[in-house]
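A.B. asks: Take this structure first; my questions come after.
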Amino acid sequence: MRAMASVLVVEDDQFVRSALIRHLTEAAHTVRSVGTALEALREVAHFRFDVVILDLGLPDLDGSEALKMLRGITDVPVIVATARDDETEIVRLLNDGADDYLTKPFSVEHLAARMTAVLRRARSSAGEPPPSPQLRVGGLAIDPLRRQAELDGVRLDLTRREFDLLAFLAGRPGVVVARKELLAEVWQQSYGDDQTIDVHLSWLRRKLGETAARPRYLHTLRGVGVKLEPPGVESSGAEPAR
């Protein structure tokens with residue numbers, strides 16, 4: 001590949017891991033590596049990657065479960081590396097959110113070709129300008145085109161998923177959005193764990209300078225959904241902090 005990429009290698013086999021790091025670094029990519037699924041989740045929560053290479057035979061979690069959890073917090077392209085060559089299993093992994101797969105053992109050239117294809121698709125998709133104009137809700141200003149958000153003139157440091165969640169809610173100010181709709185529209189999942197939404201709402205609240213007990217913009221309505229509205233607007237049925 002000509003363009004340098006930021007790559008996360010998730011592989012517990014030290015020999016395979018070292019080889020991948022060496023070859024990717026020689027190809028001018030920036031590489032971070034971990035050996036467990038939980039470490040991978042921490043990495044994608046704190047750093048931005050262009051692609052993740054995910055081994056399915058991890059010691060702490062089954063790789064397919066790790067894939068689902070990764071998809072809950074990021075839409076970074078994921079290439080799964082698996083010793084399983086069962087077609088049904090591979091189809092299931094692709095349906096669970098994998099962008100591509102490699103069957104072990106694989107060559108460096110094969111990996112490079114798959115990475116090139118995955119990154120080309122991701123960058124092409126990212127190049128499509130969103131049609132939405134700038135959104136304003138109270139002191140919040142959200143620019144979907146530049147993927148930037150400000151609160152009272154101060155730039156917010158948001159992860160990709162936090163921005164998507166905020167922008168989606170800001171496009172429907174004062175409207176209660178069901179959790180199922182959030183999963184479908186923000187996470188592109190027909191089903192999932194409500195905890196995924198709760199975690200991202202908690203992170204987003206922290207960056208907006210509020211808490212569930214003292215909400216300003218984000219209001220959770222028990223058994224109904226979530227809405228975003230400017231401070232000072234009365235919210236009935238808001239769920240108290242637990």
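A note on labels: chains of the structure tokens are A, B, ... as shown, every chain counts residues from 1, and ligands are counted from 1 in their shown order.
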Leaving out Arg216 (chain A) and any residue of its chain fewer than 4 positions from it, which residues lie within 8 Å of it when counting only C-alpha atoms, given as a list of chain:residue names?
C.D. replies: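 Neighbouring residues, sequence-local ones excluded: A:Glu210, A:Glu229, A:Pro230, A:Pro231, A:Gly232.
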A.B. asks: Keeping C-alpha atoms, export the residues of the selection given above as a PDB file, in the first residue's frame.
C.D. replies:
```pdb
ATOM      1  CA  GLU A 210     -23.134  16.895  32.865  1.00  0.00           C
ATOM      2  CA  GLU A 229     -32.574  19.327  23.985  1.00  0.00           C
ATOM      3  CA  PRO A 230     -31.161  22.669  25.116  1.00  0.00           C
ATOM      4  CA  PRO A 231     -30.883  23.445  28.833  1.00  0.00           C
ATOM      5  CA  GLY A 232     -33.920  25.031  30.403  1.00  0.00           C
TER       6      GLY A 232
END
```
A.B. asks: Please list as an MDAnalysis selection string every residue within 12 Å of Arg172 (chain A), counting only C-alpha atoms and excluding residues in the same chain fewer than 6 positions away.
C.D. replies: chainID A and resid 135:137 165:166 178 182 226:230
A.B. asks: Could you go through region 198-235 of chain A and tell me which residues DSSP, when run on the backbone, assigns to strand (DSSP E), listing them as a list in words?
C.D. replies: Leu218, His219, Thr220, Leu221, Gly225, Val226, Lys227 and Leu228 of chain A
A.B. asks: Sorted by chain and rising residue number, list the residues of region 89-117 of chain A at most 12 Å from region 8-19 of chain A (counting only C-alpha atoms), each with its closest atom pair and distance in Å to one decimal, as JSON lines.
C.D. replies:
```
{"residue": "A:Lys104", "atom": "CA", "partner": "A:Val16", "partner_atom": "CA", "distance": 10.5}
{"residue": "A:Pro105", "atom": "CA", "partner": "A:Val16", "partner_atom": "CA", "distance": 9.8}
{"residue": "A:Phe106", "atom": "CA", "partner": "A:Val16", "partner_atom": "CA", "distance": 10.6}
{"residue": "A:Ser107", "atom": "CA", "partner": "A:Ala19", "partner_atom": "CA", "distance": 10.8}
{"residue": "A:Val108", "atom": "CA", "partner": "A:Ala19", "partner_atom": "CA", "distance": 9.2}
```
A.B. asks: How many Å lie between CA of Val7 (chain A) and CA of Leu93 (chain A), rounded to one decimal?
C.D. replies: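 If I compute the distance from CA of Val7 (chain A) to CA of Leu93 (chain A), I get 20.0 Å.
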A.B. asks: Using only C-alpha atoms, which protein or nucleic acid residues come within 7 Å of region 193-202 of chain A? Drop anything in the same chain fewer than 2 positions from it, and give the result as a list in words.
C.D. replies: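 Skipping anything fewer than 2 positions along the chain leaves Gly72, Glu162, Leu204, Arg205 and Arg206 of chain A.
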A.B. asks: Where in region 32-233 of chain A does DSSP assign alpha helix (DSSP H), given as a count of residues only?
C.D. replies: 81
A.B. asks: Excluding Arg84 (chain A) and residues on its chain fewer than 5 positions from it, collect all residues at most 12 Å away from it, counting only C-alpha atoms, and give them as JSON, numbers by chain.
C.D. replies: {"A": [55, 56, 57, 63, 64, 89, 90, 91, 92, 93, 101, 102, 103, 104, 105]}
A.B. asks: Quick one: of A:Val154, A:Asp85, A:Asp100, A:His29, who's nearest to Leu54 (chain A), counting only C-alpha atoms?
C.D. replies: A:Asp100
A.B. asks: As an exercise, work out the distance from CA of Thr159 (chain A) to CA of Ser6 (chain A) in Å and give it to one decimal place.
C.D. replies: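 Straight-line distance from CA of Thr159 (chain A) to CA of Ser6 (chain A) works out to 15.8 Å.
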A.B. asks: Write out as a list in words which residues come within 8 Å of Gly139 (chain A) when counting only C-alpha atoms, dropping same-chain ones fewer than 4 positions away.
C.D. replies: Glu150, Leu151, Asp152, Gly153 and Pro230 of chain A
A.B. asks: Just N, CA, C and O atoms for this one: save the residues we selected as a short mmCIF file (atom, residue, chain, number, x, y, z; two decimals), in the first residue's frame.
C.D. replies:
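Printed below is part36.cif as written:
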```cif
data_model
loop_
_atom_site.label_atom_id
_atom_site.label_comp_id
_atom_site.auth_asym_id
_atom_site.auth_seq_id
_atom_site.Cartn_x
_atom_site.Cartn_y
_atom_site.Cartn_z
N GLU A 150 -18.79 21.68 18.90
CA GLU A 150 -18.37 22.66 19.90
C GLU A 150 -19.48 22.85 20.92
O GLU A 150 -20.67 22.76 20.58
N LEU A 151 -19.08 23.12 22.14
CA LEU A 151 -20.02 23.46 23.21
C LEU A 151 -19.62 24.82 23.76
O LEU A 151 -18.51 24.99 24.27
N ASP A 152 -20.50 25.79 23.58
CA ASP A 152 -20.24 27.16 24.02
C ASP A 152 -18.91 27.67 23.45
O ASP A 152 -18.13 28.32 24.13
N GLY A 153 -18.66 27.32 22.19
CA GLY A 153 -17.48 27.80 21.49
C GLY A 153 -16.21 27.01 21.74
O GLY A 153 -15.16 27.32 21.15
N PRO A 230 -31.96 21.64 24.44
CA PRO A 230 -31.16 22.67 25.12
C PRO A 230 -31.53 22.80 26.58
O PRO A 230 -32.66 22.48 26.97
#
```
A.B. asks: Rounded to one decimal, what separation in Å do you get between CA of Gly209 (chain A) and CA of Ala170 (chain A)?
C.D. replies: 16.7 Å
A.B. asks: Looking at A:Thr82, A:Gln148, A:Thr36, A:Thr220, which one is nearest to Gly174 (chain A), with distances taken over only C-alpha atoms?
C.D. replies: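 Closest candidate: A:Thr220.
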A.B. asks: Please determine, counting only C-alpha atoms, which residue among A:Val177, A:Leu38, A:Ala167, A:Val186 has the shortest atom-to-atom distance to Arg147 (chain A).
C.D. replies: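 Closest candidate: A:Ala167.
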A.B. asks: In terms of the shortest atom-to-atom distance over only C-alpha atoms, which of A:Asp50, A:Asp143, A:Asp96, A:Glu26 is closest to Lys68 (chain A)?
C.D. replies: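 Smallest distance to Lys68 (chain A) is found for A:Asp96.
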